[in-house]
Amino acid sequence: MSIFGALIKRGARLGQILDSRRGQRIKPIQHQIRTLRWLLRKARNTSFGRYYHFNDILNSENPIEAFKHHVPTYDYNTIYDRWWHMTLNQVPDVTWPGQVKFFALSSGTSGAPSKHIPITNDLFRFNSRAGMRMFFALSRFNVDPDIFTKDMMMLGGSTDLEQGNGYFAGDLSGINASRPPFWLRSYYKPGNKIASIRSWDERIAEIAKNAPNWDVGFIVGIPSWLQLMMEKIIEYHQVKNIHDIWPNLSVCVHGGIHFEPYRKGFEKLMARPLVYMDSYLASEGFIAIQDRPETSSMHLLMDNGIFFEFVPFNESNFDAEGNLRPSIETLTIDQVVEGEDYALLTSTSGGAWRYLIGDTVRFTDKRRSEIIITGRTKHYLSICGEHLSVDNMNRGIQHVEEELDISIPEFTVAAVEVGSFYAHKWYIGSDTSNNVEKIKALLDAKLKEINDDYRVERASVLREIEVEVIPANIFYKWHEHQGKMGGQHKFPRVMKKERFRDWEEFVRRNLVS
């Protein structure tokens with residue numbers, strides 16, 4: 001056992017204990033009140049803060065209720081059109097003090113292909129602090145102390161960021177990797193030279209080539225990308241498993257998508273199991289971390305520069321398309337209950353205010369502020385990080401209709417396994433065309449055009465789309481079969497695995513008959 005590793009683990013354990021005791025002394029709602037007051041004080045002299053009377057909110061008897069009363073809710077389109085477009089043009093003090101020099105690119109559901117999410121210095125500082133807290137939490141898990149002296153492979157976007165007019169933009173993981181915190185710099189792999197390669201294939205090829213030169217103990221990233229990386233390394237060096245190259249690999253920190261579909265694929269690449277830790281790092285901030293091994297739930301970070309509001313995910317607060325209704329009910333951390341789904345509104349040190357990030361969460365342990373991610377406020381297909389929205393799908397189908405002059409009144413899509421990869425399988429209801437190859441080409445090209453994440457994944461993990469054209473009336477027969485004809489019932493644009501299996505069996509029976 002390395003003495004240095006043991007000391008680091010002991011220090012991490014001490015930090016985790018102190019952090020835990022601090023959390024036990026102060027109730028979550030108290031953390032949140034302090035956080036909101038800090039955010040309001042920090043931003044009260046910005047254009048946003050003056051417009052919404054932050055000084056008056058701070059001086060009110062109940063700042064939370066005053067905040068809700070004065071400040072409306074925002075989604076990306078509304079806050080960008082009203083405020084963030086000025087930030088992108090380097091106007092200072094818009095929604096947060098100073099100029100914003102970094103923007104995280106994230107696929108939008110409408111409009112431009114990518115959202116530009118402001119990454120301020122304060123937000124970056126809170127993200128780094130959350131990363132340190134996750135490192136401290138690892139001391140609770142059953143790991144050898146030597147692991148704390150090993151390299152950390154952080155697989156993400158390129159650190160060669162796009163340069164705009166006075167700012168840089170790129171994938172959040174690329175921004176983070178371009179500015180690693182001091183405590184991580186000596187352990188960070190693959191290093192800036194390789195991480196700056198923009199081509200995914202070239203970057204992975206360099207990682208595979210250089211893999212034996214690193215003593216990797218941690219891998220960090222989106223599961224689909226990590227799996228592909230390990231497969232490439234194993235193939236390049238003609239070994240049996242990843243531990244033949246990285247014998248000390250012990251920990252996988254993942255996030256972005258649900259991990260369970262990848263577990264079996266990971267295990268095939270290992271000589272022994274890893275310790276898995278989930279994380280919830282969004283472009284808008286570091287929201288939650290898994291900080292104990294007894295659960296797969298994540299601890300919501302109540303004191304990390306984010307004020308949370310929770311919107312019950314129901315028809316009273318959301319329309320059929322997943323949009324917020326004009327008058328909504330929002331709850332604070334002390335008002336939530338376990339087992340219910342909530343959409344998140346966040347106010348952050350990045351200059352987001354009462355901002356709908358689009359995720360839904362469920363509390364599994366209110367006392368510990370532990371959550372799981374349950375989905376999106378709008379239907380999304382994201383088996384490997386492609387974040388394909390229903391709006392993207394509708395625009396793709398509309399493009400096919402216009403280009404081929406056909407009618408496609410119904411469609412549905414699901415993710416299917418293709419060997420160790422995935423693909424999107426589309427059922428398209430049309431009585432005016434069965435030209436599958438043209439439909440595939442047009443649809444795939446349009447989705448790549450309007451969704452950056454889809455384009456990236458199609459070049460790596462996501463295989464060619466599959467399309468089956470069927471008579472439109474089969475969709476309506478399914479409605480009848482389900483007892484859901486007429487009224488407000490709509491055919492699901494995205495189907496989950498079990499339901500999709502039933503649907504395919506139904507289609508086969510009806511095509512035969």
# chains A, B, ... in the order shown; residues from 1 in each chain; ligands from 1
call {"tool": "residues_around", "arguments": {"residues": "stretch 117-132 of chain A", "least_positions_apart": "2", "cutoff": "10 Å", "atoms": "only C-alpha atoms", "output": "CSV table (one decimal) with C-alpha atoms, in the first residue's frame"}}
result
chain,number,residue,atom,x,y,z
A,12,ALA,CA,-10.2,13.0,1.4
A,15,GLY,CA,-12.8,16.5,4.0
A,16,GLN,CA,-15.8,14.3,3.3
A,76,TYR,CA,-33.5,28.8,-23.1
A,80,TYR,CA,-31.5,34.1,-24.8
A,84,TRP,CA,-28.2,36.2,-23.2
A,87,THR,CA,-23.9,38.4,-23.2
A,88,LEU,CA,-22.8,36.5,-26.3
A,95,THR,CA,-27.4,38.6,-16.0
A,96,TRP,CA,-24.2,38.2,-14.1
A,97,PRO,CA,-21.4,40.6,-13.3
A,98,GLY,CA,-18.7,41.0,-15.9
A,99,GLN,CA,-18.2,39.7,-19.4
A,100,VAL,CA,-18.6,36.0,-20.2
A,101,LYS,CA,-15.6,34.5,-22.0
A,102,PHE,CA,-16.8,30.8,-22.3
A,103,PHE,CA,-20.0,29.3,-23.6
A,104,ALA,CA,-21.0,25.7,-23.4
A,105,LEU,CA,-22.7,24.4,-26.6
A,106,SER,CA,-25.7,22.3,-26.1
A,114,SER,CA,-26.9,24.7,-30.6
A,115,LYS,CA,-27.6,26.6,-27.4
A,134,MET,CA,-17.0,14.0,-5.4
A,135,PHE,CA,-13.4,13.1,-5.0
A,136,PHE,CA,-13.7,13.4,-1.2
A,137,ALA,CA,-16.8,11.1,-1.4
A,169,ALA,CA,-17.4,28.0,-27.2
A,170,GLY,CA,-17.4,24.3,-27.1
A,172,LEU,CA,-18.7,21.7,-21.5
A,175,ILE,CA,-14.1,23.7,-21.6
A,176,ASN,CA,-13.5,21.9,-18.2
A,179,ARG,CA,-9.0,24.6,-17.5
A,180,PRO,CA,-8.4,21.7,-15.1
A,181,PRO,CA,-8.3,22.6,-11.3
A,182,PHE,CA,-4.9,22.7,-9.7
A,183,TRP,CA,-5.4,19.5,-7.8
A,184,LEU,CA,-6.1,17.5,-11.0
A,279,SER,CA,-22.8,12.5,-11.5
A,281,LEU,CA,-23.2,17.9,-14.3
A,282,ALA,CA,-25.3,20.0,-16.7
A,283,SER,CA,-24.2,22.9,-18.8
A,284,GLU,CA,-26.0,25.2,-16.3
A,285,GLY,CA,-24.1,23.8,-13.3
A,286,PHE,CA,-23.0,20.9,-11.2
A,287,ILE,CA,-26.3,19.7,-9.7
A,288,ALA,CA,-25.8,16.4,-7.9
A,289,ILE,CA,-23.2,13.7,-7.1
A,301,LEU,CA,-25.9,20.0,-4.0
A,303,ASP,CA,-24.8,24.9,-1.3
A,304,ASN,CA,-23.1,24.9,-4.6
A,305,GLY,CA,-24.2,28.3,-6.1
A,306,ILE,CA,-27.6,27.0,-7.4
A,348,THR,CA,-27.2,30.0,-10.9
A,349,SER,CA,-23.9,31.9,-10.8
A,350,GLY,CA,-23.9,31.5,-14.6
A,351,GLY,CA,-26.6,34.1,-14.9
A,352,ALA,CA,-29.6,31.7,-15.3
call {"tool": "select_by_dssp", "arguments": {"residues": "stretch 141-286 of chain A", "states": "strand (DSSP E or B)", "output": "PyMOL selection string"}}
result
chain A and resi 151-154+162-163+168-170+188-189+216-221+251-255+275-282+285-286
call {"tool": "write_last_selection", "arguments": {"atoms": "N, CA and C atoms", "output": "compact mmCIF listing (two decimals), in the first residue's frame"}}
result
# COMPACT_ATOMS: atom_id res chain seq x y z
N ASP A 151 -3.59 8.07 -12.46
CA ASP A 151 -4.05 9.02 -13.47
C ASP A 151 -5.56 8.94 -13.65
N MET A 152 -6.13 10.05 -14.13
CA MET A 152 -7.56 10.14 -14.38
C MET A 152 -7.80 10.43 -15.86
N MET A 153 -8.38 9.46 -16.56
CA MET A 153 -8.70 9.64 -17.96
C MET A 153 -10.07 10.31 -18.08
N MET A 154 -10.07 11.57 -18.51
CA MET A 154 -11.30 12.33 -18.68
C MET A 154 -11.60 12.44 -20.16
N GLU A 162 -14.04 26.58 -30.16
CA GLU A 162 -14.37 27.54 -31.21
C GLU A 162 -14.18 28.96 -30.69
N GLN A 163 -13.61 29.82 -31.52
CA GLN A 163 -13.36 31.19 -31.09
C GLN A 163 -14.39 32.11 -31.73
N PHE A 168 -14.94 32.06 -26.24
CA PHE A 168 -14.69 30.70 -26.72
C PHE A 168 -15.93 29.85 -26.46
N ALA A 169 -16.20 28.90 -27.34
CA ALA A 169 -17.37 28.04 -27.20
C ALA A 169 -16.99 26.61 -27.53
N GLY A 170 -17.64 25.68 -26.83
CA GLY A 170 -17.40 24.27 -27.08
C GLY A 170 -18.19 23.41 -26.13
N TYR A 188 -4.33 14.48 -14.84
CA TYR A 188 -5.26 14.52 -15.97
C TYR A 188 -4.67 13.90 -17.22
N LYS A 189 -5.42 12.98 -17.81
CA LYS A 189 -5.09 12.37 -19.09
C LYS A 189 -6.34 12.46 -20.00
N VAL A 216 -3.64 4.56 -15.46
CA VAL A 216 -4.99 5.10 -15.25
C VAL A 216 -5.71 4.33 -14.15
N GLY A 217 -6.23 5.05 -13.19
CA GLY A 217 -7.04 4.47 -12.13
C GLY A 217 -8.50 4.85 -12.22
N PHE A 218 -8.78 5.99 -12.89
CA PHE A 218 -10.14 6.51 -13.05
C PHE A 218 -10.43 6.73 -14.53
N ILE A 219 -11.66 6.46 -14.94
CA ILE A 219 -12.15 6.93 -16.23
C ILE A 219 -13.40 7.75 -15.96
N VAL A 220 -13.52 8.86 -16.68
CA VAL A 220 -14.60 9.81 -16.44
C VAL A 220 -15.21 10.20 -17.78
N GLY A 221 -16.54 10.11 -17.88
CA GLY A 221 -17.18 10.54 -19.12
C GLY A 221 -18.55 9.91 -19.31
N VAL A 251 -12.12 2.81 -10.96
CA VAL A 251 -13.27 3.68 -10.76
C VAL A 251 -13.75 4.26 -12.09
N CYS A 252 -15.06 4.25 -12.27
CA CYS A 252 -15.68 4.91 -13.43
C CYS A 252 -16.66 5.95 -12.91
N VAL A 253 -16.40 7.21 -13.24
CA VAL A 253 -17.33 8.30 -12.93
C VAL A 253 -18.07 8.64 -14.20
N HIS A 254 -19.38 8.44 -14.19
CA HIS A 254 -20.16 8.61 -15.42
C HIS A 254 -21.28 9.60 -15.21
N GLY A 255 -21.87 10.02 -16.30
CA GLY A 255 -22.99 10.95 -16.25
C GLY A 255 -23.51 11.20 -17.66
N VAL A 275 -15.73 0.30 -9.53
CA VAL A 275 -16.62 1.11 -8.69
C VAL A 275 -17.22 2.18 -9.60
N TYR A 276 -18.54 2.26 -9.62
CA TYR A 276 -19.23 3.23 -10.47
C TYR A 276 -19.82 4.35 -9.63
N MET A 277 -19.60 5.58 -10.05
CA MET A 277 -20.16 6.76 -9.39
C MET A 277 -20.89 7.61 -10.42
N ASP A 278 -22.13 7.95 -10.11
CA ASP A 278 -22.93 8.76 -11.03
C ASP A 278 -22.77 10.24 -10.69
N SER A 279 -22.90 11.08 -11.70
CA SER A 279 -22.80 12.52 -11.49
C SER A 279 -23.83 13.22 -12.36
N TYR A 280 -24.21 14.41 -11.94
CA TYR A 280 -25.21 15.20 -12.66
C TYR A 280 -24.63 16.58 -12.90
N LEU A 281 -23.82 16.67 -13.94
CA LEU A 281 -23.20 17.92 -14.34
C LEU A 281 -23.87 18.39 -15.62
N ALA A 282 -24.67 19.43 -15.52
CA ALA A 282 -25.33 20.02 -16.68
C ALA A 282 -24.55 21.25 -17.12
N GLY A 285 -24.77 23.96 -14.60
CA GLY A 285 -24.14 23.85 -13.29
C GLY A 285 -24.01 22.41 -12.84
N PHE A 286 -23.22 22.20 -11.79
CA PHE A 286 -23.04 20.87 -11.20
C PHE A 286 -24.15 20.68 -10.18
call {"tool": "select_by_dssp", "arguments": {"residues": "stretch 32-126 of chain A", "states": "alpha helix (DSSP H)", "output": "VMD selection string"}}
result
chain A and resid 32 to 43 47 to 51 54 to 58 63 to 70 76 to 79 85 to 88 121 to 126
call {"tool": "atom_distance", "arguments": {"atom1": "atom CA of A:Glu437", "atom2": "atom CA of A:Tyr454"}}
result
19.5 Å
call {"tool": "closest_residue", "arguments": {"among": "A:Phe141, A:Tyr74, A:Phe266, A:Trp225", "to": "A:Pro293", "atoms": "only C-alpha atoms"}}
result
A:Phe141
call {"tool": "closest_residue", "arguments": {"among": "A:Gln90, A:Asn451, A:Asn435, A:Arg463", "to": "A:Ala423", "atoms": "only C-alpha atoms"}}
result
A:Arg463
call {"tool": "residues_around", "arguments": {"residues": "stretch 363-377 of chain A", "least_positions_apart": "3", "cutoff": "10 Å", "atoms": "only C-alpha atoms", "output": "ChimeraX atom specification"}}
result
/A:23-24,27-28,257-258,278,280,288-291,295-302,313-314,318-324,333-344,356-360,380-381,389
call {"tool": "write_last_selection", "arguments": {"atoms": "N, CA and C atoms", "output": "tab-separated table (two decimals), in the first residue's frame"}}
result
chain	number	residue	atom	x	y	z
A	23	GLY	N	-23.26	19.67	6.48
A	23	GLY	CA	-24.59	19.47	5.90
A	23	GLY	C	-25.61	19.04	6.93
A	24	GLN	N	-25.16	18.29	7.96
A	24	GLN	CA	-26.08	17.83	9.00
A	24	GLN	C	-26.48	18.96	9.94
A	27	LYS	N	-29.89	22.82	7.76
A	27	LYS	CA	-30.95	22.21	6.97
A	27	LYS	C	-30.83	22.63	5.51
A	28	PRO	N	-31.26	21.77	4.59
A	28	PRO	CA	-31.17	22.11	3.17
A	28	PRO	C	-31.83	23.44	2.81
A	257	ILE	N	-26.12	10.21	-19.34
A	257	ILE	CA	-27.15	9.27	-19.74
A	257	ILE	C	-27.22	8.14	-18.72
A	258	HIS	N	-28.32	7.42	-18.76
A	258	HIS	CA	-28.54	6.31	-17.84
A	258	HIS	C	-27.49	5.22	-18.08
A	278	ASP	N	-22.13	7.95	-10.11
A	278	ASP	CA	-22.93	8.76	-11.03
A	278	ASP	C	-22.77	10.24	-10.69
A	280	TYR	N	-24.21	14.41	-11.94
A	280	TYR	CA	-25.21	15.20	-12.66
A	280	TYR	C	-24.63	16.58	-12.90
A	288	ALA	N	-25.71	17.51	-8.90
A	288	ALA	CA	-25.77	16.43	-7.91
A	288	ALA	C	-24.61	15.47	-8.12
A	289	ILE	N	-24.25	14.75	-7.04
A	289	ILE	CA	-23.21	13.72	-7.10
A	289	ILE	C	-23.66	12.51	-6.30
A	290	GLN	N	-23.20	11.36	-6.71
A	290	GLN	CA	-23.39	10.15	-5.90
A	290	GLN	C	-22.29	10.14	-4.85
A	291	ASP	N	-22.66	10.23	-3.59
A	291	ASP	CA	-21.63	10.38	-2.56
A	291	ASP	C	-21.60	9.23	-1.56
A	295	THR	N	-26.37	3.44	-2.43
A	295	THR	CA	-27.46	3.81	-3.32
A	295	THR	C	-26.91	4.29	-4.65
A	296	SER	N	-27.72	4.20	-5.68
A	296	SER	CA	-27.35	4.78	-6.97
A	296	SER	C	-27.92	6.17	-7.13
A	297	SER	N	-28.66	6.64	-6.12
A	297	SER	CA	-29.19	8.01	-6.16
A	297	SER	C	-28.06	9.00	-5.96
A	298	MET	N	-28.35	10.25	-6.31
A	298	MET	CA	-27.34	11.31	-6.20
A	298	MET	C	-27.79	12.37	-5.20
A	299	HIS	N	-26.80	12.94	-4.52
A	299	HIS	CA	-27.05	13.98	-3.53
A	299	HIS	C	-27.14	15.33	-4.21
A	300	LEU	N	-28.29	15.98	-4.09
A	300	LEU	CA	-28.49	17.30	-4.67
A	300	LEU	C	-27.65	18.32	-3.89
A	301	LEU	N	-26.85	19.09	-4.60
A	301	LEU	CA	-25.92	20.02	-3.96
A	301	LEU	C	-26.65	21.32	-3.62
A	302	MET	N	-27.00	21.46	-2.35
A	302	MET	CA	-27.81	22.58	-1.89
A	302	MET	C	-27.00	23.86	-1.70
A	313	PHE	N	-44.34	17.79	-12.06
A	313	PHE	CA	-44.45	17.50	-13.49
A	313	PHE	C	-45.82	16.89	-13.76
A	314	ASN	N	-46.79	17.77	-13.99
A	314	ASN	CA	-48.17	17.34	-14.21
A	314	ASN	C	-48.85	18.28	-15.19
A	318	PHE	N	-47.62	21.80	-16.99
A	318	PHE	CA	-47.03	21.60	-18.32
A	318	PHE	C	-48.11	21.25	-19.32
A	319	ASP	N	-47.95	21.76	-20.56
A	319	ASP	CA	-48.88	21.37	-21.62
A	319	ASP	C	-48.44	20.04	-22.23
A	320	ALA	N	-49.17	19.61	-23.25
A	320	ALA	CA	-48.91	18.29	-23.84
A	320	ALA	C	-47.55	18.20	-24.50
A	321	GLU	N	-46.96	19.34	-24.86
A	321	GLU	CA	-45.65	19.35	-25.51
A	321	GLU	C	-44.51	19.50	-24.51
A	322	GLY	N	-44.84	19.57	-23.23
A	322	GLY	CA	-43.81	19.70	-22.21
A	322	GLY	C	-43.39	21.12	-21.92
A	323	ASN	N	-44.19	22.10	-22.37
A	323	ASN	CA	-43.88	23.50	-22.10
A	323	ASN	C	-44.54	23.94	-20.80
A	324	LEU	N	-43.87	24.85	-20.08
A	324	LEU	CA	-44.44	25.40	-18.87
A	324	LEU	C	-45.70	26.21	-19.19
A	333	ILE	N	-37.03	23.14	-1.51
A	333	ILE	CA	-36.54	21.83	-1.08
A	333	ILE	C	-37.29	21.30	0.14
A	334	ASP	N	-37.79	22.19	1.00
A	334	ASP	CA	-38.50	21.74	2.20
A	334	ASP	C	-39.94	21.32	1.90
A	335	GLN	N	-40.42	21.57	0.67
A	335	GLN	CA	-41.81	21.29	0.33
A	335	GLN	C	-41.99	20.06	-0.56
A	336	VAL	N	-40.92	19.50	-1.07
A	336	VAL	CA	-41.03	18.36	-1.97
A	336	VAL	C	-41.37	17.09	-1.19
A	337	VAL	N	-41.84	16.09	-1.92
A	337	VAL	CA	-42.12	14.79	-1.32
A	337	VAL	C	-41.41	13.71	-2.13
A	338	GLU	N	-41.15	12.61	-1.50
A	338	GLU	CA	-40.50	11.50	-2.19
A	338	GLU	C	-41.47	10.83	-3.16
A	339	GLY	N	-40.93	10.32	-4.26
A	339	GLY	CA	-41.73	9.54	-5.19
A	339	GLY	C	-42.45	10.32	-6.27
A	340	GLU	N	-42.41	11.65	-6.21
A	340	GLU	CA	-43.06	12.48	-7.23
A	340	GLU	C	-42.00	13.01	-8.20
A	341	ASP	N	-42.41	13.22	-9.45
A	341	ASP	CA	-41.50	13.78	-10.44
A	341	ASP	C	-41.61	15.30	-10.46
A	342	TYR	N	-40.45	15.95	-10.51
A	342	TYR	CA	-40.40	17.41	-10.56
A	342	TYR	C	-39.48	17.85	-11.69
A	343	ALA	N	-39.89	18.91	-12.38
A	343	ALA	CA	-38.98	19.59	-13.30
A	343	ALA	C	-38.17	20.60	-12.50
A	344	LEU	N	-36.93	20.79	-12.91
A	344	LEU	CA	-36.02	21.68	-12.18
A	344	LEU	C	-36.02	23.08	-12.78
A	356	LEU	N	-35.64	26.81	-16.70
A	356	LEU	CA	-36.06	25.42	-16.88
A	356	LEU	C	-35.00	24.68	-17.68
A	357	ILE	N	-34.28	23.77	-17.02
A	357	ILE	CA	-33.21	23.06	-17.72
A	357	ILE	C	-33.74	21.87	-18.51
A	358	GLY	N	-34.99	21.46	-18.24
A	358	GLY	CA	-35.61	20.43	-19.06
A	358	GLY	C	-35.58	19.03	-18.49
A	359	ASP	N	-34.88	18.84	-17.38
A	359	ASP	CA	-34.82	17.51	-16.76
A	359	ASP	C	-35.90	17.36	-15.70
A	360	THR	N	-36.31	16.13	-15.49
A	360	THR	CA	-37.20	15.83	-14.38
A	360	THR	C	-36.47	14.91	-13.40
A	380	TYR	N	-37.45	12.93	-25.37
A	380	TYR	CA	-36.12	12.91	-25.97
A	380	TYR	C	-35.70	11.47	-26.20
A	381	LEU	N	-34.87	11.29	-27.20
A	381	LEU	CA	-34.23	9.99	-27.43
A	381	LEU	C	-32.74	10.22	-27.25
A	389	SER	N	-34.69	15.38	-29.78
A	389	SER	CA	-35.98	15.81	-29.25
A	389	SER	C	-37.09	15.53	-30.24
call {"tool": "atom_distance", "arguments": {"atom1": "atom CA of A:Arg198", "atom2": "atom CA of A:Leu155"}}
result
12.7 Å
